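A.B. asks: Input file: upload_16.txt. Contents: compact mmCIF, C-alpha atoms.
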```txt
# COMPACT_ATOMS: atom_id res chain seq x y z
CA MET A 1104 38.55 -10.65 -6.52
CA HIS A 1105 39.15 -11.67 -10.14
CA ASP A 1106 42.89 -11.00 -10.02
CA ALA A 1107 43.08 -13.06 -6.84
CA ALA A 1108 41.20 -15.88 -8.58
CA PHE A 1109 43.52 -15.75 -11.61
CA ALA A 1110 46.55 -15.93 -9.33
CA ALA A 1111 45.11 -18.82 -7.30
CA LEU A 1112 44.61 -20.91 -10.44
CA GLY A 1113 47.82 -19.86 -12.16
CA ILE A 1114 46.01 -18.16 -15.03
CA ASP A 1115 48.01 -15.49 -16.86
CA ALA A 1116 45.30 -12.84 -17.01
CA SER A 1117 44.34 -9.55 -15.40
CA TYR A 1118 41.13 -7.68 -14.69
CA THR A 1119 41.07 -3.94 -15.41
CA ALA A 1120 38.43 -1.28 -14.80
CA LEU A 1121 37.56 0.92 -17.78
CA ASP A 1122 35.79 4.25 -17.40
CA VAL A 1123 33.53 4.26 -20.47
CA THR A 1124 31.23 7.11 -21.45
CA PRO A 1125 27.95 6.28 -23.19
CA ASP A 1126 29.22 7.78 -26.44
CA ALA A 1127 32.29 5.55 -26.40
CA LEU A 1128 30.51 2.29 -25.58
CA GLY A 1129 30.22 1.04 -29.16
CA SER A 1130 33.89 1.63 -29.97
CA VAL A 1131 35.01 -0.02 -26.74
CA VAL A 1132 32.95 -3.13 -27.50
CA ALA A 1133 34.37 -3.16 -31.05
CA GLY A 1134 37.82 -3.16 -29.49
CA PHE A 1135 36.89 -6.19 -27.42
CA ARG A 1136 35.89 -8.03 -30.56
CA SER A 1137 39.15 -7.31 -32.38
CA ALA A 1138 41.53 -8.04 -29.49
CA PRO A 1139 42.64 -11.69 -29.52
CA GLU A 1140 43.82 -11.49 -25.90
CA PHE A 1141 40.40 -10.37 -24.66
CA VAL A 1142 38.27 -13.13 -23.09
CA GLY A 1143 35.47 -11.20 -21.41
CA ALA A 1144 34.21 -8.28 -19.38
CA ASN A 1145 31.70 -7.24 -16.78
CA VAL A 1146 29.30 -4.39 -17.52
CA THR A 1147 28.05 -1.99 -14.87
CA VAL A 1148 25.49 0.81 -14.79
CA PRO A 1149 24.66 2.78 -16.86
CA HIS A 1150 25.60 0.40 -19.71
CA LYS A 1151 23.87 -2.88 -18.83
CA SER A 1152 20.99 -2.36 -21.24
CA ALA A 1153 22.68 -0.13 -23.81
CA VAL A 1154 25.49 -2.61 -24.45
CA MET A 1155 23.07 -5.20 -25.83
CA ARG A 1156 22.84 -3.50 -29.23
CA TRP A 1157 26.60 -3.88 -29.76
CA LEU A 1158 26.76 -7.64 -29.08
CA ASP A 1159 26.36 -10.55 -31.49
CA GLU A 1160 24.13 -12.56 -29.18
CA VAL A 1161 22.30 -12.12 -25.87
CA ASP A 1162 21.25 -15.18 -23.91
CA GLU A 1163 17.74 -15.87 -22.67
CA THR A 1164 18.27 -14.77 -19.08
CA ALA A 1165 19.90 -11.47 -20.02
CA SER A 1166 17.17 -10.81 -22.58
CA ALA A 1167 14.45 -11.50 -20.03
CA ILE A 1168 16.04 -9.31 -17.38
CA GLY A 1169 16.82 -6.64 -19.95
CA ALA A 1170 20.43 -6.29 -18.86
CA VAL A 1171 23.85 -7.74 -19.61
CA ASN A 1172 26.45 -7.81 -16.87
CA THR A 1173 28.86 -10.25 -18.50
CA ILE A 1174 30.39 -10.34 -21.98
CA VAL A 1175 32.10 -13.50 -23.22
CA ARG A 1176 34.28 -13.50 -26.34
CA LEU A 1177 33.99 -16.81 -28.14
CA GLY A 1178 37.06 -18.37 -29.68
CA GLY A 1179 37.93 -18.15 -33.33
CA THR A 1180 38.88 -15.34 -35.63
CA ASP A 1181 35.52 -13.57 -35.73
CA GLY A 1182 35.60 -12.47 -32.10
CA ARG A 1183 31.93 -13.20 -31.55
CA LEU A 1184 30.64 -11.49 -28.37
CA VAL A 1185 27.87 -13.01 -26.26
CA GLY A 1186 26.02 -11.09 -23.55
CA ARG A 1187 24.91 -12.87 -20.39
CA ASN A 1188 23.58 -12.00 -16.96
CA THR A 1189 24.96 -13.68 -13.85
CA ASP A 1190 23.15 -11.47 -11.32
CA ALA A 1191 20.13 -13.77 -11.05
CA ASP A 1192 22.15 -16.93 -10.47
CA GLY A 1193 24.51 -15.01 -8.18
CA PHE A 1194 21.57 -13.94 -6.04
CA VAL A 1195 20.22 -17.50 -5.84
CA ALA A 1196 23.65 -18.90 -4.92
CA ALA A 1197 24.02 -16.32 -2.15
CA LEU A 1198 20.53 -17.04 -0.85
CA ASN A 1199 21.11 -20.79 -0.93
CA ASP A 1200 24.06 -20.28 1.41
CA VAL A 1201 21.59 -19.34 4.18
CA VAL A 1202 18.29 -20.97 3.17
CA PRO A 1203 17.29 -23.17 0.21
CA VAL A 1204 15.31 -21.11 -2.29
CA SER A 1205 13.04 -24.13 -2.75
CA LYS A 1206 11.73 -23.56 0.79
CA LEU A 1207 10.57 -20.01 0.05
CA ARG A 1208 7.00 -19.26 -0.95
CA SER A 1209 6.63 -15.47 -0.99
CA ALA A 1210 8.90 -12.45 -1.20
CA MET A 1211 8.66 -8.67 -1.00
CA LEU A 1212 11.08 -6.90 -3.32
CA LEU A 1213 11.88 -3.25 -2.63
CA GLY A 1214 12.91 -1.39 -5.79
CA ALA A 1215 12.35 -1.65 -9.53
CA GLY A 1216 15.78 -1.04 -11.06
CA GLY A 1217 18.16 -3.42 -12.83
CA SER A 1218 19.10 -5.39 -9.71
CA ALA A 1219 15.43 -5.76 -8.80
CA ARG A 1220 14.73 -7.19 -12.25
CA ALA A 1221 17.42 -9.83 -11.79
CA VAL A 1222 16.11 -10.77 -8.35
CA ALA A 1223 12.51 -10.91 -9.58
CA TRP A 1224 13.48 -13.18 -12.47
CA ALA A 1225 15.56 -15.41 -10.18
CA LEU A 1226 12.71 -15.88 -7.71
CA VAL A 1227 9.68 -16.25 -9.97
CA THR A 1228 11.45 -18.78 -12.20
CA ARG A 1229 11.91 -20.84 -9.05
CA GLY A 1230 8.28 -20.67 -8.05
CA VAL A 1231 8.42 -17.89 -5.47
CA ASP A 1232 5.59 -15.32 -5.45
CA VAL A 1233 7.09 -11.81 -5.63
CA ALA A 1234 5.42 -8.50 -4.76
CA ILE A 1235 7.21 -5.36 -5.99
CA VAL A 1236 7.20 -2.24 -3.81
CA ASN A 1237 8.60 0.94 -5.33
CA ARG A 1238 8.26 4.70 -4.80
CA SER A 1239 7.16 4.98 -8.42
CA ARG A 1240 4.26 2.64 -8.99
CA ASP A 1241 4.68 3.07 -12.76
CA ARG A 1242 8.23 1.69 -12.62
CA ALA A 1243 7.06 -1.27 -10.57
CA ALA A 1244 4.23 -1.92 -13.04
CA THR A 1245 6.69 -1.73 -15.95
CA LEU A 1246 8.96 -4.29 -14.28
CA VAL A 1247 6.04 -6.64 -13.71
CA ALA A 1248 4.79 -6.27 -17.28
CA GLU A 1249 8.17 -6.72 -18.96
CA VAL A 1250 9.43 -9.58 -16.81
CA GLY A 1251 6.02 -11.20 -17.01
CA ALA A 1252 6.07 -10.99 -20.80
CA ALA A 1253 9.55 -12.53 -20.85
CA LEU A 1254 8.36 -15.37 -18.63
CA ALA A 1255 5.42 -16.06 -20.92
CA ALA A 1256 7.60 -15.96 -24.03
CA SER A 1257 10.28 -18.26 -22.64
CA GLY A 1258 7.96 -21.09 -21.62
CA ALA A 1259 7.50 -22.70 -18.23
CA THR A 1260 9.04 -26.04 -19.07
CA ALA A 1261 12.38 -24.49 -19.98
CA LEU A 1262 12.67 -22.67 -16.66
CA ALA A 1263 11.02 -24.92 -14.11
CA VAL A 1264 13.37 -26.11 -11.37
CA PRO A 1265 13.18 -29.87 -10.66
CA GLY A 1266 10.96 -30.42 -7.65
CA GLY A 1267 9.89 -26.79 -7.62
CA ARG A 1268 6.64 -25.03 -8.45
CA TRP A 1269 5.93 -23.15 -11.67
CA PRO A 1270 5.44 -20.34 -12.08
CA GLY A 1271 5.77 -17.85 -9.26
CA ARG A 1272 3.41 -14.88 -9.44
CA LEU A 1273 4.80 -11.41 -9.97
CA SER A 1274 2.72 -8.43 -8.89
CA VAL A 1275 2.79 -4.78 -7.86
CA CYS A 1276 2.22 -4.20 -4.17
CA GLU A 1277 0.14 -1.09 -3.48
CA PRO A 1278 1.64 1.27 -0.87
CA ASP A 1279 -1.30 0.91 1.52
CA GLU A 1280 -0.93 -2.88 1.42
CA ALA A 1281 2.84 -3.10 1.87
CA GLY A 1282 2.91 -2.88 5.66
CA ALA A 1283 0.49 -5.74 6.13
CA LEU A 1284 2.18 -7.87 3.46
CA VAL A 1285 5.49 -7.89 5.35
CA ALA A 1286 3.92 -10.23 7.89
CA GLU A 1287 3.27 -12.79 5.14
CA CYS A 1288 6.71 -12.85 3.48
CA ASP A 1289 9.38 -15.53 3.79
CA LEU A 1290 11.87 -13.14 2.20
CA LEU A 1291 12.33 -9.37 2.07
CA VAL A 1292 14.90 -8.01 -0.40
CA ASN A 1293 16.16 -4.44 -0.60
CA ALA A 1294 17.25 -3.61 -4.15
CA THR A 1295 17.36 0.15 -3.58
CA SER A 1296 20.24 2.40 -2.49
CA VAL A 1297 18.58 3.22 0.85
CA GLY A 1298 21.04 2.41 3.64
CA MET A 1299 24.09 2.51 1.34
CA LEU A 1300 27.25 4.27 2.52
CA GLY A 1301 27.47 7.50 0.55
CA GLY A 1302 23.92 7.09 -0.76
CA PRO A 1303 20.96 9.43 -0.40
CA ALA A 1304 19.71 7.89 2.87
CA PRO A 1305 22.54 5.98 4.61
CA GLU A 1306 20.82 5.93 8.02
CA ALA A 1307 17.38 4.91 6.79
CA SER A 1308 15.62 1.57 6.41
CA PRO A 1309 13.57 0.93 3.26
CA SER A 1310 11.18 -1.49 4.93
CA PRO A 1311 7.51 -0.41 4.79
CA ALA A 1312 6.88 -1.94 8.23
CA PRO A 1313 8.81 -2.96 11.36
CA LEU A 1314 10.62 -6.24 10.77
CA ARG A 1315 9.25 -7.71 13.99
CA SER A 1316 6.11 -8.49 11.97
CA LEU A 1317 8.04 -10.94 9.75
CA PRO A 1318 7.26 -14.62 10.34
CA PRO A 1319 9.81 -16.75 12.24
CA GLY A 1320 12.59 -18.04 10.00
CA ALA A 1321 12.22 -15.23 7.48
CA VAL A 1322 15.21 -13.90 5.56
CA VAL A 1323 16.07 -10.23 5.05
CA CYS A 1324 18.50 -9.61 2.20
CA ASP A 1325 20.01 -6.20 1.49
CA LEU A 1326 21.86 -6.01 -1.83
CA VAL A 1327 23.89 -3.14 -0.35
CA TYR A 1328 27.34 -4.34 0.80
CA ARG A 1329 28.81 -1.05 2.02
CA PRO A 1330 28.33 -0.96 4.95
CA ALA A 1331 28.22 -4.66 5.70
CA LEU A 1332 25.53 -4.05 8.32
CA THR A 1333 22.93 -1.63 6.98
CA PRO A 1334 20.13 -0.18 9.11
CA LEU A 1335 17.79 -2.77 7.57
CA LEU A 1336 20.08 -5.68 8.46
CA ARG A 1337 20.73 -4.30 11.93
CA GLU A 1338 17.00 -4.36 12.56
CA ALA A 1339 16.77 -7.88 11.12
CA ARG A 1340 19.40 -9.12 13.56
CA ASP A 1341 17.71 -7.34 16.44
CA VAL A 1342 14.42 -9.15 15.79
CA GLY A 1343 16.12 -12.52 15.25
CA VAL A 1344 15.55 -13.21 11.54
CA ILE A 1345 18.25 -14.19 9.04
CA ALA A 1346 20.23 -11.20 7.72
CA LEU A 1347 22.17 -11.35 4.43
CA ASN A 1348 24.05 -8.46 2.84
CA GLY A 1349 25.02 -7.98 -0.80
CA LEU A 1350 28.60 -9.25 -0.60
CA PRO A 1351 27.79 -12.94 -1.26
CA MET A 1352 25.74 -12.02 -4.35
CA LEU A 1353 28.62 -9.86 -5.60
CA VAL A 1354 31.05 -12.75 -5.19
CA HIS A 1355 28.79 -15.42 -6.66
CA GLN A 1356 27.85 -13.37 -9.74
CA GLY A 1357 31.56 -12.67 -10.24
CA ALA A 1358 32.40 -16.34 -9.82
CA ALA A 1359 29.87 -17.24 -12.51
CA SER A 1360 31.44 -14.69 -14.87
CA PHE A 1361 34.91 -16.05 -14.10
CA THR A 1362 33.88 -19.57 -15.07
CA MET A 1363 32.30 -18.32 -18.31
CA TRP A 1364 35.57 -16.61 -19.29
CA THR A 1365 38.00 -19.32 -18.24
CA GLY A 1366 36.05 -22.57 -18.43
CA ARG A 1367 37.27 -23.39 -14.91
CA PRO A 1368 35.46 -23.48 -11.57
CA ALA A 1369 36.02 -20.23 -9.72
CA PRO A 1370 37.87 -20.33 -6.37
CA VAL A 1371 34.95 -18.79 -4.52
CA GLN A 1372 36.57 -18.68 -1.09
CA VAL A 1373 39.62 -16.90 -2.50
CA MET A 1374 37.30 -14.35 -4.09
CA PHE A 1375 35.42 -13.84 -0.84
CA GLU A 1376 38.63 -13.20 1.06
CA ALA A 1377 40.03 -10.81 -1.55
CA LEU A 1378 36.85 -8.80 -1.76
CA GLY A 1379 36.40 -8.71 1.99
CA GLU A 1380 39.93 -7.36 2.39
CA ALA A 1381 39.38 -4.74 -0.32
CA LEU A 1382 36.17 -3.49 1.28
CA SER A 1383 37.44 -3.45 4.85
```
How does this structure look as structure tokens?

C.D. replies:
Amino acid sequence: MHDAAFAALGIDASYTALDVTPDALGSVVAGFRSAPEFVGANVTVPHKSAVMRWLDEVDETASAIGAVNTIVRLGGTDGRLVGRNTDADGFVAALNDVVPVSKLRSAMLLGAGGSARAVAWALVTRGVDVAIVNRSRDRAATLVAEVGAALAASGATALAVPGGRWPGRLSVCEPDEAGALVAECDLLVNATSVGMLGGPAPEASPSPAPLRSLPPGAVVCDLVYRPALTPLLREARDVGVIALNGLPMLVHQGAASFTMWTGRPAPVQVMFEALGEALS
């Protein structure tokens, strides 16, 4: 999608995947700093947290989420590298395509990994109450504690959205409460690998309760994008609620990275088409 965007805007650049082992991460980042032609990179698992130690600066959102997915090389001779996270804004942009986030009041978030952290941050900083459901309660509690501490440290006034509420509440949902809580949620988000093609449970749904208990107008978002219609989203369509897969978030977070590197608005539709073709 990035090469298609470069071509659409006539930018002489290319996007290349690098297979980087954990031991080589520091030297690869040092190479970024010393290469005048380098403008930026994306960072994927397992390096999103580890890469932070090798950067010159990490912005507030990436620090709060505890993960960097975008590196930007600032101009000049020093090659200063800044770490950012576009996952949170990418999620909000994707969600806004189907329903304004400002209309949401409560969400159930399934999972407690890096993507879940970004989604939790995105929602609570926009006034949405978020309950975390995870197989490991300890991981869910750690997410709540760390993101909560980051929220407290950053200050409400810096993050409040105009016209929105502040702050959203972030909590752990106990397993015996999860089924009943589904009926009270405006939004259910799957941030686990359940339902993913090639994953551990491709035919399963991660929902703790049948989706027919969701209120009318609810949104079900699955961050999985392969397949486009997961078991969770198939059920969402069957019961008549809004179903959103992970492709729009992938495009929007990439578009945000693109603009950080180039200083130009990303051709989002071009990126959608290129990615859709690649995944078909």

A.B. asks: Could you check how far atom CA of Gly1193 of chain A sits from atom CA of Leu1336 of chain A, in Å to one decimal?

C.D. replies: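 Separation between atom CA of Gly1193 of chain A and atom CA of Leu1336 of chain A: 19.6 Å.
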
A.B. asks: Which of these, A:Val1131, A:Trp1364, A:Thr1295, A:Ser1383, has the shortest distance to Ser1117 of chain A once you count only C-alpha atoms?

C.D. replies: A:Trp1364

A.B. asks: For Tyr1118 of chain A, which residue among A:Gly1357, A:Gly1230, A:Pro1149, A:Pro1351 is the nearest when counting only C-alpha atoms?

C.D. replies: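 With only C-alpha atoms as the atom set, the closest residue is A:Gly1357.
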
A.B. asks: What does the distance between atom CA of Thr1119 of chain A and atom CA of Phe1194 of chain A come to in Å, to one decimal place?

C.D. replies: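 We find that atom CA of Thr1119 of chain A and atom CA of Phe1194 of chain A lie 23.8 Å from each other.
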
A.B. asks: Out of A:Glu1376, A:Asp1159, A:Glu1280, A:Asp1115, which residue has the shortest atom-to-atom distance to Val1142 of chain A when counting only C-alpha atoms?

C.D. replies: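 For Val1142 of chain A, the nearest of the given residues is A:Asp1115.
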
A.B. asks: So, with all atoms listed in the file as the atoms that count, which of A:Leu1246, A:Arg1272, A:Arg1176, A:Ser1218 lies closest to Val1327 of chain A?

C.D. replies: A:Ser1218

A.B. asks: Report, in Å to a single decimal, how far apart atom CA of Val1201 of chain A and atom CA of Gln1372 of chain A are.

C.D. replies: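 The value is 15.9 Å.
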
A.B. asks: Skipping near chain neighbours, those fewer than 3 positions away, what residues fall within 10 Å of Phe1375 of chain A using all atoms listed in the file, listed as a PyMOL selection string?

C.D. replies: chain A and resi 1104+1107-1108+1350-1351+1353-1355+1358+1370-1372+1378-1381

A.B. asks: Show me, as a list in words, the residues that have an atom within 12 Å of Phe1141 of chain A when counting only C-alpha atoms, minus same-chain residues fewer than 2 positions from it.

C.D. replies: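 With the cut-off at 12 Å, the set is Ala1116, Ser1117, Tyr1118, Thr1119, Val1131, Val1132, Ala1133, Gly1134, Phe1135, Arg1136, Ser1137, Ala1138, Pro1139, Gly1143, Ala1144, Ile1174, Val1175, Arg1176, Leu1177, Gly1178, Gly1179, Gly1182, Arg1183, Leu1184, Trp1364 and Thr1365 of chain A.
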
A.B. asks: Give the answer as one residue: which of A:Val1171, A:Val1322, A:Ala1127, A:Ala1253 has the shortest atom-to-atom distance to Lys1206 of chain A, using only C-alpha atoms?

C.D. replies: A:Val1322

A.B. asks: Just the residues within 8 Å of Leu1128 of chain A, please, counting all atoms listed in the file, with nothing from its chain fewer than 4 positions along; format it as an MDAnalysis selection string.

C.D. replies: chainID A and resid 1123:1124 1132 1150 1154

A.B. asks: Would you be able to write out as a short mmCIF file (atom, residue, chain, number, x, y, z; two decimals) with C-alpha atoms, in the frame of the given file which residues have an atom within 7 Å of (5.7, -1.4, -5.6) in the file's coordinates, counting only C-alpha atoms?

C.D. replies:
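As written to disk, result_34.cif reads:
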```cif
data_model
loop_
_atom_site.label_atom_id
_atom_site.label_comp_id
_atom_site.auth_asym_id
_atom_site.auth_seq_id
_atom_site.Cartn_x
_atom_site.Cartn_y
_atom_site.Cartn_z
CA ILE A 1235 7.21 -5.36 -5.99
CA VAL A 1236 7.20 -2.24 -3.81
CA ASN A 1237 8.60 0.94 -5.33
CA ARG A 1238 8.26 4.70 -4.80
CA ARG A 1240 4.26 2.64 -8.99
CA ALA A 1243 7.06 -1.27 -10.57
CA VAL A 1275 2.79 -4.78 -7.86
CA CYS A 1276 2.22 -4.20 -4.17
CA GLU A 1277 0.14 -1.09 -3.48
CA PRO A 1278 1.64 1.27 -0.87
#
```

A.B. asks: Name the closest residue to Asp1325 of chain A among the candidates A:Gly1343, A:Pro1303, A:Gly1298, A:Gly1129; distances are taken between atoms, counting only C-alpha atoms.

C.D. replies: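 Residue with the minimum atom-to-atom distance to Asp1325 of chain A: A:Gly1298.
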
A.B. asks: Residues around (4.6, -7.8, -15.0), cut-off 12 Å, counting only C-alpha atoms - what are they as a count of residues only?

C.D. replies: 31
